[in-house]
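Engineer: This is the structure, below, for whatever I ask next.
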Amino acid sequence: MKFIDYVQLNPFQKFWYNFKNFFIALPGNLKKFFCAIGRFFKKLFVGIGKGVAGYFTRFVKGDWATKLSYIIMGFGNMMKGQIIKGCLFLAVEVAFIAFMIGFGADKIYNLGFFNNGKIGFIEKGQWTRNAVTGAREYTKADDSMQLLLYGVMTLIIIAVFLVVYFASTKAAYKVQQQVAAGEKPQTFNEEIRQFGDEKFHITLLAFPCLTISIFTIMPLLFMILIAFTNYTQTTPFFQWVGLQTFADVFQTTGGASKGETFIELTKWTLIWAVFATVLNYILGMVVALMINKKGIKLKALWRTLFVVTVAVPQFVSLLLMQQMLEGNQFGAINQMLEAFGWLPVKDGAVQYFDFLGNANKWIPRITVIVVNIWVGIPYTILITSGILMNIPADLYESATIDGAGPVKSFFSITLPYMLFVTTPYLITSFIGNINNFNVIYLLVGEQNSIDLHNAGYTDLLVTWLFRMSTSTGEYNLAAAVGILVFIVCATVSLMTFNLTKSAKNEEEFS
């Protein structure tokens, strides 16, 4: 379609044209996405291959001191005058060997790779007799959870040691080349000063990387590994089961099956995320436009009221709404409906309207969407107000001269500009709504548990895996669902962002 033809379309025709083209281009975009993932892993493995090749090249070209550094870390540096640096490398090696002998080797052994997949060896407590003293001794059962955690920690420490080990071989070969070229090797003080100058970025990133490794990477790795075990509340001594847990997630046989629950909640999670994101975004923008419109009085008051709404802790608001929406005589909304005589009466008893536990699954679903609009609109207003003020006024004046009304101006000027600027916010908001635990759990609680696998019709995947973890102790199944949610979120966010103008034309808006 030519540009001039596209401009002449009305807003709804433009929406349909873009919507249709999105799905037409979807197969090609998916192909590009997976090709990009393939290129990433190709570069990763090529980089690993080059690193291994460089490792052997340095050994072949190195002198006797450099070669010995492959066994005794830091030896080459010490022989070339870098005593402190070499001693530090040697200290790391000695500490690692001591750690593996005293702790790490046993924890790797207990991971179950040598015991038919069982994490630990003693499944139940045992009484044994000491061969020397003859006294009876009790041997406690192995704690598979603890052993798995220690095993993960040991694997991370091994990975860190390997990084330092390869760095030591590079340092040994580098100082060899400097000496061969007649240069004076850097002293330890000179290298330390570099970390406050040209290598200052490494100094700044060291602590964040350490904390991310401890508090993010290790828990994630631990959760991923749990998904490949049969760990539940009733099996504290567990073992590796491969992909069986993921197969259980998609199991569709039997009453209240896991697979049917997963499919039902996946569909609802996506529906919820779309409505919660789009409605909050559009309605919040409309309210912001109304507040900023010329002629509106007390603008500061309206903005302050919305800021106060945001300042109130969300869990307080949601718990209050839960009380108001109760499906009995104690619910404030039901009391109001009863006072106006708007509730039906059957056999002399008032039939109170159940907003959150209704047998019709769409009643509580619509209720949580409406409540989320009330909770979420103030955030959108605060985010969009400043951006709306920066839209050039002459664009609206030109549109008015051309005969465009408020609706057409909104879809032709305001919405495209806002989408261009706030696309990253929209993506993070969509992903946040997929994982929106607070609104669903605090608002609904346990009120609409129905014949699904430990889930209610308003449960999202994230609240479902929480229930499986805390109520029934199906930790392996919850971990598998968490991994699937992560894959969906990562794929959707990366694909969506890379297809938007915010990513393709970062420095311009048209």
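Scheme for the structure tokens: letters A, B, ... for chains in order shown; per-chain residue numbers from 1; ligand numbers from 1 in order shown.
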What are the DSSP alpha helix (DSSP H) residues of range 186-326 of chain A, as JSON, numbers by chain?

Structural biologist: {"A": [188, 189, 190, 191, 192, 193, 194, 200, 201, 202, 203, 204, 205, 206, 207, 208, 209, 210, 211, 212, 218, 219, 220, 221, 222, 223, 224, 225, 226, 244, 245, 246, 247, 248, 249, 258, 259, 260, 261, 262, 263, 264, 265, 266, 267, 268, 269, 270, 271, 272, 273, 274, 275, 276, 277, 278, 279, 280, 281, 282, 283, 284, 285, 286, 287, 288, 289, 290, 291, 292, 299, 300, 301, 302, 303, 304, 305, 306, 307, 308, 309, 310, 311, 314, 315, 316, 317, 318, 319, 320, 321, 322, 323, 324]}

Engineer: Could you write out, as an NGL selection string, all the residues of range 257-365 of chain A that DSSP marks as strand (DSSP E)?

Structural biologist: :A and (345-346 or 349-350)

Engineer: Could the residues in this selection be saved with N, CA and C atoms as a short mmCIF file (atom, residue, chain, number, x, y, z; two decimals), in the first residue's frame?

Structural biologist:
```cif
data_model
loop_
_atom_site.label_atom_id
_atom_site.label_comp_id
_atom_site.auth_asym_id
_atom_site.auth_seq_id
_atom_site.Cartn_x
_atom_site.Cartn_y
_atom_site.Cartn_z
N VAL A 345 -34.66 -12.38 45.11
CA VAL A 345 -35.05 -13.10 46.31
C VAL A 345 -35.65 -14.44 45.90
N LYS A 346 -35.14 -15.53 46.51
CA LYS A 346 -35.61 -16.88 46.19
C LYS A 346 -35.97 -17.61 47.48
N ALA A 349 -35.24 -15.84 50.65
CA ALA A 349 -33.84 -15.52 50.98
C ALA A 349 -33.23 -14.67 49.88
N VAL A 350 -32.48 -13.66 50.26
CA VAL A 350 -31.81 -12.78 49.30
C VAL A 350 -30.65 -13.53 48.65
#
```

Engineer: Considering only C-alpha atoms, tabulate each residue of range 414-459 of chain A that lies at most 12 Å from range 478-500 of chain A along with its nearest interatomic pair and the corresponding distance in Å to one decimal; arrange the rows by chain and ascending residue number and present them as CSV.

Structural biologist:
```
residue,atom,partner,partner_atom,distance
A:Pro416,CA,A:Thr500,CA,11.3
A:Leu419,CA,A:Thr500,CA,9.0
A:Phe420,CA,A:Thr500,CA,7.9
A:Val421,CA,A:Thr500,CA,10.6
A:Thr422,CA,A:Thr500,CA,10.8
A:Thr423,CA,A:Phe497,CA,7.3
A:Pro424,CA,A:Phe497,CA,7.0
A:Tyr425,CA,A:Phe497,CA,10.3
A:Leu426,CA,A:Phe497,CA,9.6
A:Ile427,CA,A:Ser493,CA,6.0
A:Thr428,CA,A:Ser493,CA,7.7
A:Ser429,CA,A:Ser493,CA,10.3
A:Phe430,CA,A:Ser493,CA,8.5
A:Ile431,CA,A:Cys489,CA,6.0
A:Gly432,CA,A:Cys489,CA,9.3
A:Asn433,CA,A:Cys489,CA,10.5
A:Ile434,CA,A:Cys489,CA,7.9
A:Asn435,CA,A:Val485,CA,8.6
A:Asn454,CA,A:Ala478,CA,11.5
```

Engineer: Just the residues within 10 Å of Glu326 in chain A, please, counting only C-alpha atoms, with nothing from its chain fewer than 2 positions along; format it as a compact mmCIF listing (two decimals) with N, CA and C atoms, in the first residue's frame.

Structural biologist:
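Just written: out.txt:
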```txt
# COMPACT_ATOMS: atom_id res chain seq x y z
N MET A 321 -10.78 -4.12 48.73
CA MET A 321 -11.68 -4.47 47.64
C MET A 321 -12.21 -5.89 47.80
N GLN A 322 -11.38 -6.78 48.30
CA GLN A 322 -11.84 -8.15 48.54
C GLN A 322 -13.00 -8.17 49.53
N GLN A 323 -12.89 -7.36 50.58
CA GLN A 323 -13.97 -7.28 51.56
C GLN A 323 -15.23 -6.67 50.96
N MET A 324 -15.06 -5.68 50.12
CA MET A 324 -16.21 -5.03 49.49
C MET A 324 -16.93 -5.95 48.52
N ASN A 328 -21.59 -12.28 50.12
CA ASN A 328 -22.56 -12.54 51.19
C ASN A 328 -23.07 -11.21 51.73
N GLN A 329 -23.80 -11.27 52.83
CA GLN A 329 -24.40 -10.06 53.39
C GLN A 329 -23.37 -9.10 53.96
N PHE A 330 -22.13 -9.53 54.11
CA PHE A 330 -21.10 -8.66 54.67
C PHE A 330 -20.38 -7.84 53.60
N GLY A 331 -20.54 -8.16 52.33
CA GLY A 331 -19.90 -7.41 51.26
C GLY A 331 -20.56 -6.06 51.09
N ALA A 332 -19.74 -4.99 51.03
CA ALA A 332 -20.28 -3.63 50.96
C ALA A 332 -21.11 -3.42 49.70
N ILE A 333 -20.66 -3.97 48.58
CA ILE A 333 -21.40 -3.79 47.33
C ILE A 333 -22.72 -4.55 47.38
N ASN A 334 -22.72 -5.76 47.94
CA ASN A 334 -23.97 -6.50 48.07
C ASN A 334 -24.93 -5.80 49.03
N GLN A 335 -24.41 -5.18 50.07
CA GLN A 335 -25.27 -4.43 50.99
C GLN A 335 -25.93 -3.26 50.27
N TYR A 352 -27.38 -13.19 47.17
CA TYR A 352 -26.27 -12.23 47.06
C TYR A 352 -25.40 -12.58 45.85
N PHE A 353 -24.88 -11.54 45.21
CA PHE A 353 -24.09 -11.74 43.99
C PHE A 353 -22.65 -12.04 44.38
N ASP A 354 -22.16 -13.15 43.88
CA ASP A 354 -20.78 -13.58 44.19
C ASP A 354 -19.86 -13.10 43.08
N PHE A 355 -19.09 -12.05 43.37
CA PHE A 355 -18.22 -11.47 42.35
C PHE A 355 -16.96 -12.30 42.13
N LEU A 356 -16.43 -12.90 43.19
CA LEU A 356 -15.12 -13.54 43.10
C LEU A 356 -15.17 -15.06 43.10
N GLY A 357 -16.26 -15.66 43.57
CA GLY A 357 -16.34 -17.11 43.63
C GLY A 357 -17.47 -17.67 42.81
N VAL A 444 -8.48 -12.33 45.19
CA VAL A 444 -9.34 -13.52 45.12
C VAL A 444 -9.05 -14.47 46.27
N GLN A 447 -11.04 -18.04 47.20
CA GLN A 447 -12.49 -18.03 47.09
C GLN A 447 -13.05 -18.82 45.92
```

Engineer: Between CA of Asn436 in chain A and CA of Ala455 in chain A, what is the distance in Å, rounded to a tenth?

Structural biologist: 15.6 Å

Engineer: Skip Asn372 in chain A itself and residues of its chain fewer than 5 positions away, then list as a PyMOL selection string all residues within 9 Å of it, counting only C-alpha atoms.

Structural biologist: chain A and resi 276+280+367+377+439

Engineer: With only C-alpha atoms as the basis for distance, which of A:Ala288, A:Lys199, A:Val462, A:Ile296 is at the shortest distance from Gly386 in chain A?

Structural biologist: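 Of A:Ala288, A:Lys199, A:Val462, A:Ile296, the one nearest Gly386 in chain A, counting only C-alpha atoms, is A:Ala288.
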
Engineer: Restricting the calculation to only C-alpha atoms: of A:Gly445, A:Gly104, A:Gly112, A:Pro392, which residue gets closest to Leu318 in chain A?

Structural biologist: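 Residue with the minimum atom-to-atom distance to Leu318 in chain A: A:Gly445.
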
Engineer: Please determine, counting only C-alpha atoms, which residue among A:Leu343, A:Gln178, A:Gly62, A:Phe275 has the shortest atom-to-atom distance to Val370 in chain A.

Structural biologist: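 Using only C-alpha atoms, the shortest distance to Val370 in chain A belongs to A:Phe275.
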
Engineer: Smallest atom-to-atom distance to Leu325 in chain A: which of A:Val371, A:Val312, A:Val287, A:Ile282, using only C-alpha atoms?

Structural biologist: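 Smallest separation from Leu325 in chain A among the options: A:Val371.
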
Engineer: At most 12 Å is the cut-off: for each residue in range 93-113 of chain A with any atom that close to an atom of range 85-89 of chain A, write down the nearest atom pair and the distance in Å rounded to one decimal, counting only C-alpha atoms, chain first then increasing number, as a Markdown table.

Structural biologist:
```
| residue | atom | partner | partner_atom | distance |
| --- | --- | --- | --- | --- |
| A:Glu93 | CA | A:Phe89 | CA | 6.4 |
| A:Val94 | CA | A:Phe89 | CA | 8.8 |
| A:Ala95 | CA | A:Phe89 | CA | 10.0 |
| A:Phe96 | CA | A:Phe89 | CA | 10.7 |
```

Engineer: Next, the residues of the selection above should be written as an mmCIF file, in the first residue's frame with C-alpha atoms.

Structural biologist:
```
data_model
loop_
_atom_site.group_PDB
_atom_site.id
_atom_site.type_symbol
_atom_site.label_atom_id
_atom_site.label_comp_id
_atom_site.auth_asym_id
_atom_site.auth_seq_id
_atom_site.Cartn_x
_atom_site.Cartn_y
_atom_site.Cartn_z
ATOM 1 C CA GLU A 93 44.826 -22.769 43.403
ATOM 2 C CA VAL A 94 45.760 -23.971 46.878
ATOM 3 C CA ALA A 95 42.444 -22.736 48.326
ATOM 4 C CA PHE A 96 40.487 -24.436 45.533
#
```

Engineer: Here is a test: counting only C-alpha atoms, which residue of A:Ala105, A:Met418, A:Val60, A:Leu461 is nearest to Leu265 in chain A?

Structural biologist: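 Using only C-alpha atoms, the shortest distance to Leu265 in chain A belongs to A:Leu461.
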